[in-house]
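Structure first, commentary second.
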Number of protein chains: 2
Amino acid sequence: MTSSIHDVYAVILAGGSGVRFWPLSRESYPKQMLQIVGEDTLLRQTIKRIKGFVPPKNIWIVTTEDKAQDIRFHIDPLGSIAKEIQFIREPIGRNTAPAIGLAAIYLYRLSPESVMIVMPSDHAIPERRKFLSDLRLAIRGAKEGHLITFGIRPTRPETGYGYIKVNRSSKKGVQGFSRVECFVEKPDLETAKAYLSDGSYFWNSGIFVWKTSKILSEIKKHLPPLFKTLKEIRGLIFQSGNPDQHNKLNKQSDEVNDLNDPNVLNRFKDLYSSLENVSIDHGIMERSRNTLMVPATFRWSDLGSWTALEEMVTKSPEGNILRGNVVDIESQDSTIFAGGRLIATIGLKDMVVVDTPDATLVTPKKRAQEVRKIVEVLRRSGREEHLIHRAVERPWGSYTVLEKGEGYKIKRVVLKPKARLSLQLHNRRSEHWVVIAGTAEVTKADQTYMVQTNESTYIPQYTKHRLENPLDVPLQVIEIQNGEYLEEDDIERFDDDYGR
Amino acid sequence: MTSSIHDVYAVILAGGSGVRFWPLSRESYPKQMLQIVGEDTLLRQTIKRIKGFVPPKNIWIVTTEDKAQDIRFHIDPLGSIAKEIQFIREPIGRNTAPAIGLAAIYLYRLSPESVMIVMPSDHAIPERRKFLSDLRLAIRGAKEGHLITFGIRPTRPETGYGYIKVNRSSKKGVQGFSRVECFVEKPDLETAKAYLSDGSYFWNSGIFVWKTSKILSEIKKHLPPLFKTLKEIRGLIFQSGNPDQHNKLNKQSDEVNDLNDPNVLNRFKDLYSSLENVSIDHGIMERSRNTLMVPATFRWSDLGSWTALEEMVTKSPEGNILRGNVVDIESQDSTIFAGGRLIATIGLKDMVVVDTPDATLVTPKKRAQEVRKIVEVLRRSGREEHLIHRAVERPWGSYTVLEKGEGYKIKRVVLKPKARLSLQLHNRRSEHWVVIAGTAEVTKADQTYMVQTNESTYIPQYTKHRLENPLDVPLQVIEIQNGEYLEEDDIERFDDDYGR
């Protein structure tokens with residue numbers, strides 16, 4: 001197996017918005033960027049799980065254009081490997097079948113007979129060794145031309161998952177695999193109980209392994225409109241007007257489809273946007289006849305909702321999951337996620353409470369899935385609690401909006417050691433900076449000077465400026481913005497370490 | 001009646017801490033200072049209810065030493081009447097019997113045959129006209145030597161109140177009154193249901209009317225140790241070393257017991273602290289044989305807990321009370337108090353959710369009374385969420401702590417028009433001020449200068465300074481404190497408009 005591992009690619013799907021983990025997740029901060037179980041965020045755990053198994057440059061992340069930059073910054077803490085990871089940018093989100101198809105046409109160009117491991121970026125799999133062992137088996141099956149899926153043996157009558165029914169009596173299976181009889185939709189509770197006791201039903205994990213050539217031929221067979229458009233996209237990118245593209249793939253620059261020609265880019269957007277929103281499960285797996293299932297030996301959760309956490313997190317003797325600043329009196333079977341603010345709970349039963357600096361969710365567990373309705377209300381009413389957090393990560397560090405009011409906005413800005421913001425200018429606001437920790441190097445028009453802890457400086461509007469941390473310790477600055485328009489888009493960038 | 005109204009005194013008991021309305025109430029911001037029902041805070045509503053019925057100088061507020069200043073500032077918005085209201089300061093809280101006894105010895109000195117109306121400061125009585133009408137009747141009974149209490153006809157089998165049982169058949173009653181047979185403790189649900197259908201049980205409202213001489217003779221009879229100590233206190237204040245005291249009472253300065261002599265003050269504290277913690281209900285009313293009840297014609301609630309709100313607030317068709325920034329989906333019979341932060345709720349049933357900037361409470365209604373246990377936990381663990389709010393009212397305006405961290409604290413400070421802080425100095429911190437609205441007049445050591453909106457200034461430690469609003473519009477300043485010790489007690493005051 002190791003002899004051919006250079007022809008195995010891990011395609012991580014990271015385009016999801018994770019509405020169901022609101023208010024912890026936001027549109028600009030989706031579930032894969034959360035650290036809700038385990039020692040790191042779900043996306044970084046996903047990368048760590050596969051790294052060392054395939055070469056870093058064989059790890060491809062498929063995500064949408066609007067999320068790509070944030071996700072690249074997000075994986076930065078993984079170190080040098082982060083720079084080798086490839087990105088495939090979808091112009092907009094179009095579900096898993098188009099995302100996988102897009103990755104496949106790039107991969108096919110590199111190596112038609114390559115093996116493609118498709119992995120969600122926001123699931124929890126705490127047992128890496130078992131996962132990799134099952135994966136080796138799956139790759140063997142994929143190389144023999146099968147579509148391989150991973151089934152999870154049910155532990156409860158779950159109604160929130162699709163199921164895979166296997167044929168236990170079939171002798172046509174390959175050793176270690178089960179032959180898939182069919183994929184079944186989310187059942188009602190009665191049916192789910194029957195599945196649980198039957199023993200031939202498994203949860204569909206959403207992890208797949210196949211040869212690139214194989215998935216493309218399956219797309220051609222079962223989703224011909226998608227195949228046709230993928231072919232057009234392939235033509236657009238690899239033949240017309242983009243002679244560099246193939247070289248680029250060989251060079252393994254960090255953006256597989258960094259399309260510079262605006263005409264090509266627009267055409268690509270139009271084509272991709274025209275695709276039907278269809279999942280790989282529904283579009284291919286439910287229709288294909290050539291599917292084997294690996295009965296997973298690893299523990300797994302799709303963390304599909306606040307209640308799914310329970311599978312992966314150790315509960316208190318009372319059945320609670322309490323995190324952060326919680327003072328609880330006699331609650332049972334409840335999940336309470338707090339941050340720094342105090343959440344005080346008395347006698348809750350089967351409840352979910354999730355607190356963030358600007359929004360708190362309170363709901364019975366059995367209705368936690370309906371959090372998407374809250375997000376919908378916020379979206380419709382033009383608010384922003386569904387969109388962004390008060391604390392925002394940036395490649396140079398982070399900022400937290402402490403308060404916004406008529407004519408002012410207050411941020412705490414933290415710069416990593418040696419990091420600096422872009423050289424920039426605001427047309428509609430001025431800024432006061434007070435250094436509360438560390439030392440700032442400030443560029444203001446033609447001057448550059450140091451501002452120490454407990455010193456301040458002032459940046460008038462229309463003035464080019466830059467904030468830099470020259471030291472090896474974090475720099476913290478309180479920024480008080482004044483002006484009638486205080487949104488993030490009032491920024492002209494002249495020089496930026498992060499290519500923005 | 002009006003001919004003798006100058007000998008009628010309203011004694012408002014405002015020493016309570018209102019733990020049961022946490023997190024909206026805090027030790028430093030008790031329930032009587034909250035605006036939870038009606039157009040104003042409960043204490044100010046209480047004063048407005050009685051003002052015009054008795055002269056302003058006959059309104060006496062009994063509260064504890066540590067709350068007196070805050071309560072005086074709190075009633076300031078009532079205008080000129082606020083300056084005439086008298087304060088009786090208890091050295092520490094010792095329940096209602098000592099508080100009423102203390103007021104009585106002062107009143108007795110002024111006028112033994114005066115009538116004393118005892119009113120809690122934190123109840124809701126929306127119907128002022130009916131209340132005053134009932135009160136006129138009660139005063140008539142009090143003048144005839146009775147102890148008068150107000151009974152509220154029950155509307156539900158409440159287990160949280162004490163009851164008054166009246167003798168409906170007795171002919172010995174005075175017209176309009178019911179003769180009290182006995183006071184009964186909080187019943188269990190079964191008993192409460194029986195009381196409700198019986199018709200001779202009333203809720204004990206905690207409002208009493210009697211002659212000053214009468215309540216003192218009842219204290220002498222039923223609580224002799226209290227009477228003995230009150231006599232000592234009376235001797236201490238009026239005879240030994242305080243020749244001014246009697247004049248002071250005649251002068252009606254704004255502090256009835258502003259004891260200047262430290263020896264007298266300490267002795268007073270010792271005596272008062274030695275008193276038994278006993279309520280007037282338990283100590284006198286349950287034992288006295290001379291009690292008449294006015295069946296109240298007004299609506300009333302003691303607002304004894306979050307659930308008691310329901311009696312006084314109009315509910316939505318779904319039975320909810322929603323206030324502030326709430327997005328709710330299909331909750332029923334729930335009380336959700338939000339402020340500016342978003343509280344999102346789905347499918348709650350019989351729940352209470354109360355949000356404040358630094359703490360959120362979530363509990364089923366039936367356990368809302370147990371919020372005191374949360375306060376107890378906070379107190380024991382040396383935290384401060386039970387003690388103070390992030391937003392603090394001051395006579396000159398208010399401040400809000402936006403963030404506290406290692407070595408810094410950020411406040412937004414709002415000064416009323418023409419108001420100013422004290423001339424002060426900090427030994428352990430420096431302060432940056434950025435004006436975000438209005439104009440500040442800043443005194444710093446020997447200089448005085450103006451700081452306009454979007455300008456800043458710096459106050460080093462050890463430097464005398466003052467912040468003043470010279471204009472007729474509010475002034476808003478962001479204050480960034482730097483230092484290793486950032487508590488409120490690092491302040492030396494040199495001149496203060498508010499006598500602190």
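Identifiers in this document derive from the order of the structure tokens: chains are assigned A, B, ..., residues are numbered from 1 separately in each chain, and ligands are numbered from 1 in order of occurrence.
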
- Message: DSSP on the backbone, helix (DSSP H, G or I) only: what residues of stretch 198-402 of chain A does that give? Format it as JSON, numbers by chain.
- Response: {"A": [198, 212, 213, 214, 215, 216, 217, 218, 219, 220, 221, 222, 224, 225, 226, 227, 228, 229, 230, 231, 232, 233, 234, 235, 236, 237, 238, 244, 245, 246, 247, 248, 249, 250, 251, 262, 263, 264, 265, 266, 267, 268, 269, 270, 271, 272, 273, 280, 281, 282, 283, 284, 285, 306, 307, 308, 309, 310, 311, 365, 366, 367, 368, 369, 370, 371, 372, 373, 374, 375, 376, 377, 378, 379, 380]}

- Message: Give me, as an NGL selection string, the residues of chain B touching chain A, with the criterion being at most 6 Å (counting only C-alpha atoms).
- Response: :B and (341-346 or 358-363)

Expected file: the selected residues, all heavy atoms, as a tab-separated table (two decimals), in the first residue's frame:
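Result file follows (result16.tsv):
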chain	number	residue	atom	x	y	z
B	341	ARG	N	-28.26	42.21	24.09
B	341	ARG	CA	-27.77	40.97	23.48
B	341	ARG	C	-28.96	40.15	23.00
B	341	ARG	O	-30.05	40.20	23.56
B	341	ARG	CB	-26.99	40.13	24.50
B	341	ARG	CG	-25.76	40.79	25.05
B	341	ARG	CD	-25.15	39.92	26.14
B	341	ARG	NE	-24.68	38.66	25.60
B	341	ARG	CZ	-25.28	37.50	25.72
B	341	ARG	NH1	-26.37	37.41	26.45
B	341	ARG	NH2	-24.79	36.43	25.15
B	342	LEU	N	-28.73	39.35	21.97
B	342	LEU	CA	-29.79	38.52	21.42
B	342	LEU	C	-30.01	37.27	22.26
B	342	LEU	O	-29.08	36.52	22.55
B	342	LEU	CB	-29.42	38.10	19.99
B	342	LEU	CG	-30.31	37.04	19.35
B	342	LEU	CD1	-31.73	37.57	19.16
B	342	LEU	CD2	-29.73	36.61	18.00
B	343	ILE	N	-31.26	37.04	22.65
B	343	ILE	CA	-31.64	35.78	23.28
B	343	ILE	C	-32.56	35.05	22.30
B	343	ILE	O	-33.62	35.55	21.94
B	343	ILE	CB	-32.38	36.02	24.62
B	343	ILE	CG1	-31.49	36.77	25.60
B	343	ILE	CG2	-32.83	34.68	25.23
B	343	ILE	CD1	-30.26	36.01	26.04
B	344	ALA	N	-32.12	33.89	21.84
B	344	ALA	CA	-32.89	33.10	20.88
B	344	ALA	C	-33.45	31.89	21.60
B	344	ALA	O	-32.71	31.14	22.24
B	344	ALA	CB	-32.00	32.66	19.72
B	345	THR	N	-34.77	31.71	21.51
B	345	THR	CA	-35.42	30.62	22.24
B	345	THR	C	-36.30	29.83	21.29
B	345	THR	O	-36.95	30.39	20.41
B	345	THR	CB	-36.27	31.19	23.39
B	345	THR	OG1	-37.08	32.26	22.87
B	345	THR	CG2	-35.41	31.75	24.50
B	346	ILE	N	-36.30	28.52	21.49
B	346	ILE	CA	-37.12	27.65	20.66
B	346	ILE	C	-37.93	26.73	21.58
B	346	ILE	O	-37.35	26.03	22.42
B	346	ILE	CB	-36.26	26.77	19.73
B	346	ILE	CG1	-35.32	27.63	18.89
B	346	ILE	CG2	-37.14	25.89	18.82
B	346	ILE	CD1	-34.27	26.82	18.13
B	358	ASP	N	-23.50	40.57	32.05
B	358	ASP	CA	-22.49	39.64	32.55
B	358	ASP	C	-23.02	38.30	33.03
B	358	ASP	O	-22.23	37.44	33.42
B	358	ASP	CB	-21.63	40.28	33.65
B	358	ASP	CG	-22.45	40.68	34.86
B	358	ASP	OD1	-23.68	40.70	34.75
B	358	ASP	OD2	-21.86	40.97	35.90
B	359	ALA	N	-24.33	38.10	33.03
B	359	ALA	CA	-24.87	36.84	33.56
B	359	ALA	C	-26.25	36.56	32.99
B	359	ALA	O	-27.05	37.48	32.78
B	359	ALA	CB	-24.94	36.90	35.09
B	360	THR	N	-26.52	35.28	32.75
B	360	THR	CA	-27.81	34.84	32.22
B	360	THR	C	-28.34	33.74	33.13
B	360	THR	O	-27.60	32.86	33.53
B	360	THR	CB	-27.64	34.27	30.80
B	360	THR	OG1	-26.96	35.23	29.99
B	360	THR	CG2	-28.99	33.95	30.16
B	361	LEU	N	-29.64	33.81	33.43
B	361	LEU	CA	-30.30	32.78	34.23
B	361	LEU	C	-31.26	31.99	33.34
B	361	LEU	O	-32.01	32.58	32.57
B	361	LEU	CB	-31.09	33.44	35.36
B	361	LEU	CG	-32.04	32.51	36.15
B	361	LEU	CD1	-31.24	31.54	37.01
B	361	LEU	CD2	-33.00	33.33	37.01
B	362	VAL	N	-31.22	30.66	33.46
B	362	VAL	CA	-32.16	29.80	32.75
B	362	VAL	C	-32.72	28.80	33.75
B	362	VAL	O	-31.95	28.06	34.36
B	362	VAL	CB	-31.49	29.05	31.58
B	362	VAL	CG1	-32.53	28.23	30.82
B	362	VAL	CG2	-30.78	30.01	30.63
B	363	THR	N	-34.04	28.78	33.90
B	363	THR	CA	-34.65	27.87	34.88
B	363	THR	C	-36.12	27.64	34.56
B	363	THR	O	-36.77	28.52	34.00
B	363	THR	CB	-34.50	28.44	36.32
B	363	THR	OG1	-35.19	27.58	37.23
B	363	THR	CG2	-35.11	29.82	36.44

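When only C-alpha atoms are used to compute distances to A:Ser213, the closest of the residues A:Val442, A:Ala97, A:Leu322, A:Ala142 turns out to be A:Ala142.
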
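With only C-alpha atoms as the atoms that count, the minimum distance from A:Ser205 to the choices A:Pro120, A:Pro262, A:Gly145, A:Gly319 is reached by A:Pro120.
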
Shell around B:Tyr498 at 12 Å using only C-alpha atoms, local window under 3 positions removed, as a PDB file with N, CA and C atoms, in the first residue's frame:
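Result file follows (around36.pdb):
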ATOM      1  N   GLN B  69     -26.850  55.728  50.293  1.00  0.00           N
ATOM      2  CA  GLN B  69     -26.408  56.705  49.307  1.00  0.00           C
ATOM      3  C   GLN B  69     -26.940  56.360  47.909  1.00  0.00           C
ATOM      4  N   ASP B  70     -26.822  55.092  47.546  1.00  0.00           N
ATOM      5  CA  ASP B  70     -27.316  54.693  46.226  1.00  0.00           C
ATOM      6  C   ASP B  70     -28.813  54.958  46.090  1.00  0.00           C
ATOM      7  N   ARG B  72     -30.542  57.213  47.725  1.00  0.00           N
ATOM      8  CA  ARG B  72     -30.776  58.651  47.611  1.00  0.00           C
ATOM      9  C   ARG B  72     -30.522  59.111  46.165  1.00  0.00           C
ATOM     10  N   PHE B  73     -29.445  58.648  45.561  1.00  0.00           N
ATOM     11  CA  PHE B  73     -29.197  59.013  44.167  1.00  0.00           C
ATOM     12  C   PHE B  73     -30.308  58.485  43.268  1.00  0.00           C
ATOM     13  N   ASP B  76     -33.355  60.628  43.099  1.00  0.00           N
ATOM     14  CA  ASP B  76     -33.080  61.980  42.622  1.00  0.00           C
ATOM     15  C   ASP B  76     -33.956  62.399  41.432  1.00  0.00           C
ATOM     16  N   ARG B 394     -24.546  56.356  38.824  1.00  0.00           N
ATOM     17  CA  ARG B 394     -23.913  57.288  39.733  1.00  0.00           C
ATOM     18  C   ARG B 394     -24.697  58.594  39.708  1.00  0.00           C
ATOM     19  N   PRO B 395     -24.545  59.429  40.733  1.00  0.00           N
ATOM     20  CA  PRO B 395     -25.325  60.680  40.726  1.00  0.00           C
ATOM     21  C   PRO B 395     -25.015  61.542  39.501  1.00  0.00           C
ATOM     22  N   TRP B 396     -23.799  61.456  38.986  1.00  0.00           N
ATOM     23  CA  TRP B 396     -23.424  62.292  37.830  1.00  0.00           C
ATOM     24  C   TRP B 396     -23.768  61.636  36.494  1.00  0.00           C
ATOM     25  N   ALA B 419     -23.001  67.887  34.671  1.00  0.00           N
ATOM     26  CA  ALA B 419     -22.555  67.107  35.834  1.00  0.00           C
ATOM     27  C   ALA B 419     -21.040  66.953  35.819  1.00  0.00           C
ATOM     28  N   ARG B 420     -20.491  66.645  36.971  1.00  0.00           N
ATOM     29  CA  ARG B 420     -19.048  66.379  37.017  1.00  0.00           C
ATOM     30  C   ARG B 420     -18.740  65.351  38.091  1.00  0.00           C
ATOM     31  N   LEU B 421     -17.667  64.630  37.867  1.00  0.00           N
ATOM     32  CA  LEU B 421     -17.192  63.676  38.862  1.00  0.00           C
ATOM     33  C   LEU B 421     -16.451  64.449  39.951  1.00  0.00           C
ATOM     34  N   SER B 422     -16.069  63.740  40.986  1.00  0.00           N
ATOM     35  CA  SER B 422     -15.306  64.409  42.040  1.00  0.00           C
ATOM     36  C   SER B 422     -13.897  64.720  41.532  1.00  0.00           C
ATOM     37  N   LEU B 423     -13.276  65.681  42.169  1.00  0.00           N
ATOM     38  CA  LEU B 423     -11.846  65.915  41.965  1.00  0.00           C
ATOM     39  C   LEU B 423     -11.148  64.766  42.679  1.00  0.00           C
ATOM     40  N   ARG B 493     -10.754  61.210  47.051  1.00  0.00           N
ATOM     41  CA  ARG B 493     -11.612  62.316  46.627  1.00  0.00           C
ATOM     42  C   ARG B 493     -11.246  63.598  47.360  1.00  0.00           C
ATOM     43  N   PHE B 494     -11.155  64.708  46.613  1.00  0.00           N
ATOM     44  CA  PHE B 494     -10.807  66.001  47.223  1.00  0.00           C
ATOM     45  C   PHE B 494     -11.981  66.969  47.255  1.00  0.00           C
ATOM     46  N   ASP B 495     -12.865  66.822  46.292  1.00  0.00           N
ATOM     47  CA  ASP B 495     -14.033  67.700  46.256  1.00  0.00           C
ATOM     48  C   ASP B 495     -15.096  66.940  45.495  1.00  0.00           C
TER      49      ASP B 495
END

- Query: If we count only C-alpha atoms, what is near B:Cys182 at a cut-off of 9 Å, once residues fewer than 6 positions away on the same chain are taken out, given as a ChimeraX atom specification?
  - Reply: /B:163-167,285-287,289

- B:Leu223 surroundings by only C-alpha atoms, 12 Å radius, close-in-sequence under 3 positions cut, as a list of chain:residue names: B:Ala97, B:Pro98, B:Gly101, B:Ile215, B:Leu216, B:Ser217, B:Glu218, B:Ile219, B:Lys220, B:Leu226, B:Phe227, B:Lys228, B:Thr229, B:Leu230, B:Leu275, B:Glu276, B:Asn277, B:Val278, B:Ser279, B:Ile280, B:Asp281, B:His282, B:Gly283, B:Ile284, B:Met285, B:Glu286, B:Arg287, B:Ser288

Saved selection, atoms kept: N, CA, C and O atoms, as a compact mmCIF listing (two decimals), in the first residue's frame:
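Below is the file that was written, selection_20.txt:
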# COMPACT_ATOMS: atom_id res chain seq x y z
N ALA B 97 -39.16 43.94 61.79
CA ALA B 97 -39.55 44.38 63.14
C ALA B 97 -38.56 45.41 63.68
O ALA B 97 -38.98 46.51 64.11
N PRO B 98 -37.25 45.16 63.66
CA PRO B 98 -36.31 46.20 64.09
C PRO B 98 -36.39 47.47 63.23
O PRO B 98 -36.34 48.59 63.78
N GLY B 101 -39.44 49.33 64.28
CA GLY B 101 -39.22 49.83 65.63
C GLY B 101 -38.31 51.05 65.63
O GLY B 101 -38.56 52.05 66.33
N ILE B 215 -47.82 50.77 67.98
CA ILE B 215 -46.88 49.72 67.55
C ILE B 215 -45.78 49.58 68.60
O ILE B 215 -45.33 48.47 68.89
N LEU B 216 -45.40 50.69 69.25
CA LEU B 216 -44.37 50.57 70.30
C LEU B 216 -44.91 49.79 71.50
O LEU B 216 -44.19 48.98 72.07
N SER B 217 -46.17 49.98 71.83
CA SER B 217 -46.69 49.21 72.97
C SER B 217 -46.85 47.74 72.58
O SER B 217 -46.67 46.85 73.42
N GLU B 218 -47.14 47.47 71.33
CA GLU B 218 -47.22 46.07 70.88
C GLU B 218 -45.83 45.43 70.88
O GLU B 218 -45.66 44.26 71.22
N ILE B 219 -44.82 46.21 70.47
CA ILE B 219 -43.44 45.68 70.52
C ILE B 219 -43.07 45.39 71.97
O ILE B 219 -42.47 44.36 72.29
N LYS B 220 -43.44 46.31 72.85
CA LYS B 220 -43.13 46.12 74.28
C LYS B 220 -43.75 44.82 74.78
O LYS B 220 -43.12 44.05 75.51
N LEU B 226 -36.51 43.47 71.90
CA LEU B 226 -36.42 44.54 70.90
C LEU B 226 -36.77 45.88 71.54
O LEU B 226 -36.08 46.87 71.34
N PHE B 227 -37.83 45.87 72.34
CA PHE B 227 -38.26 47.12 72.96
C PHE B 227 -37.16 47.70 73.85
O PHE B 227 -36.87 48.89 73.81
N LYS B 228 -36.54 46.80 74.60
CA LYS B 228 -35.48 47.24 75.52
C LYS B 228 -34.32 47.89 74.74
O LYS B 228 -33.83 48.96 75.09
N THR B 229 -33.93 47.25 73.67
CA THR B 229 -32.82 47.80 72.88
C THR B 229 -33.22 49.11 72.19
O THR B 229 -32.42 50.05 72.11
N LEU B 230 -34.46 49.15 71.72
CA LEU B 230 -34.91 50.40 71.09
C LEU B 230 -34.86 51.56 72.09
O LEU B 230 -34.49 52.68 71.75
N LEU B 275 -29.72 42.91 67.67
CA LEU B 275 -31.16 42.63 67.61
C LEU B 275 -31.45 41.32 66.89
O LEU B 275 -30.75 40.95 65.94
N GLU B 276 -32.52 40.69 67.34
CA GLU B 276 -32.94 39.45 66.68
C GLU B 276 -33.50 39.77 65.30
O GLU B 276 -34.22 40.76 65.11
N ASN B 277 -33.18 38.93 64.34
CA ASN B 277 -33.67 39.08 62.98
C ASN B 277 -35.09 38.54 62.92
O ASN B 277 -35.32 37.34 62.80
N VAL B 278 -36.08 39.43 63.03
CA VAL B 278 -37.46 38.95 63.10
C VAL B 278 -38.37 39.88 62.30
O VAL B 278 -38.17 41.10 62.27
N SER B 279 -39.33 39.27 61.62
CA SER B 279 -40.23 40.09 60.81
C SER B 279 -41.36 40.63 61.66
O SER B 279 -41.71 40.06 62.70
N ILE B 280 -41.97 41.71 61.22
CA ILE B 280 -43.11 42.28 61.94
C ILE B 280 -44.30 41.32 61.92
O ILE B 280 -45.05 41.23 62.88
N ASP B 281 -44.42 40.57 60.83
CA ASP B 281 -45.51 39.60 60.72
C ASP B 281 -45.38 38.55 61.82
O ASP B 281 -46.34 38.26 62.54
N HIS B 282 -44.20 37.98 61.90
CA HIS B 282 -43.96 36.90 62.84
C HIS B 282 -43.91 37.42 64.27
O HIS B 282 -44.48 36.83 65.18
N GLY B 283 -43.26 38.55 64.46
CA GLY B 283 -43.03 39.06 65.81
C GLY B 283 -44.26 39.72 66.43
O GLY B 283 -44.48 39.60 67.64
N ILE B 284 -45.03 40.42 65.62
CA ILE B 284 -46.16 41.17 66.17
C ILE B 284 -47.51 40.68 65.63
O ILE B 284 -48.40 40.29 66.39
N MET B 285 -47.66 40.70 64.32
CA MET B 285 -48.98 40.49 63.74
C MET B 285 -49.58 39.14 64.11
O MET B 285 -50.78 39.01 64.34
N GLU B 286 -48.73 38.09 64.13
CA GLU B 286 -49.24 36.77 64.44
C GLU B 286 -49.65 36.64 65.92
O GLU B 286 -50.35 35.72 66.30
N ARG B 287 -49.17 37.56 66.74
CA ARG B 287 -49.40 37.44 68.19
C ARG B 287 -50.43 38.45 68.71
O ARG B 287 -51.03 38.24 69.74
N SER B 288 -50.59 39.52 67.97
CA SER B 288 -51.44 40.59 68.47
C SER B 288 -52.92 40.20 68.34
O SER B 288 -53.31 39.47 67.44

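Within 6 Å of stretch 42-58 of chain B, once only C-alpha atoms are used and residues closer than 2 positions along the same chain are dropped, the contacting residues are Tyr9, Gln32, Asp40, Ile81, Glu84, Ile85, Ser121, Asp122 and Arg128 of chain B.
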
Residues within 9 Å of A:Leu147, only C-alpha atoms, excluding chain neighbours under 4 positions, as an mmCIF file with N, CA and C atoms, in the first residue's frame:
data_model
loop_
_atom_site.group_PDB
_atom_site.id
_atom_site.type_symbol
_atom_site.label_atom_id
_atom_site.label_comp_id
_atom_site.auth_asym_id
_atom_site.auth_seq_id
_atom_site.Cartn_x
_atom_site.Cartn_y
_atom_site.Cartn_z
ATOM 1 N N ALA A 138 -10.257 0.161 2.634
ATOM 2 C CA ALA A 138 -11.115 0.838 1.660
ATOM 3 C C ALA A 138 -10.341 1.135 0.371
ATOM 4 N N GLY A 141 -10.115 -1.814 -1.817
ATOM 5 C CA GLY A 141 -11.371 -2.011 -2.553
ATOM 6 C C GLY A 141 -11.534 -1.027 -3.689
ATOM 7 N N ALA A 142 -11.152 0.227 -3.424
ATOM 8 C CA ALA A 142 -11.289 1.257 -4.457
ATOM 9 C C ALA A 142 -10.422 0.925 -5.664
ATOM 10 N N PHE A 208 -16.041 8.505 1.759
ATOM 11 C CA PHE A 208 -16.043 7.639 0.580
ATOM 12 C C PHE A 208 -14.631 7.493 0.031
ATOM 13 N N VAL A 209 -14.390 6.352 -0.593
ATOM 14 C CA VAL A 209 -13.109 6.136 -1.274
ATOM 15 C C VAL A 209 -13.399 5.500 -2.632
ATOM 16 N N TRP A 210 -12.754 6.025 -3.689
ATOM 17 C CA TRP A 210 -12.926 5.479 -5.040
ATOM 18 C C TRP A 210 -11.799 5.969 -5.930
ATOM 19 N N LYS A 211 -11.690 5.323 -7.082
ATOM 20 C CA LYS A 211 -10.744 5.841 -8.064
ATOM 21 C C LYS A 211 -11.375 7.064 -8.730
ATOM 22 N N LYS A 214 -13.286 6.233 -11.712
ATOM 23 C CA LYS A 214 -14.515 5.529 -11.384
ATOM 24 C C LYS A 214 -15.637 6.505 -11.025
ATOM 25 N N ILE A 215 -15.329 7.503 -10.179
ATOM 26 C CA ILE A 215 -16.404 8.413 -9.770
ATOM 27 C C ILE A 215 -16.864 9.240 -10.959
ATOM 28 N N MET A 285 -24.614 7.507 -4.819
ATOM 29 C CA MET A 285 -24.543 6.317 -3.977
ATOM 30 C C MET A 285 -25.858 5.527 -3.961
ATOM 31 N N SER A 288 -25.965 3.765 -7.557
ATOM 32 C CA SER A 288 -24.885 2.925 -8.067
ATOM 33 C C SER A 288 -25.049 1.486 -7.586
ATOM 34 N N ASN A 290 -22.454 -0.704 -7.533
ATOM 35 C CA ASN A 290 -21.110 -1.272 -7.423
ATOM 36 C C ASN A 290 -20.452 -0.853 -6.126
ATOM 37 N N THR A 291 -21.222 -0.873 -5.057
ATOM 38 C CA THR A 291 -20.796 -0.230 -3.832
ATOM 39 C C THR A 291 -20.526 -1.241 -2.724
ATOM 40 N N LEU A 292 -19.388 -1.078 -2.082
ATOM 41 C CA LEU A 292 -19.057 -1.898 -0.920
ATOM 42 C C LEU A 292 -18.957 -1.006 0.308
ATOM 43 N N MET A 293 -19.279 -1.593 1.425
ATOM 44 C CA MET A 293 -19.207 -0.835 2.666
ATOM 45 C C MET A 293 -18.163 -1.425 3.600
#
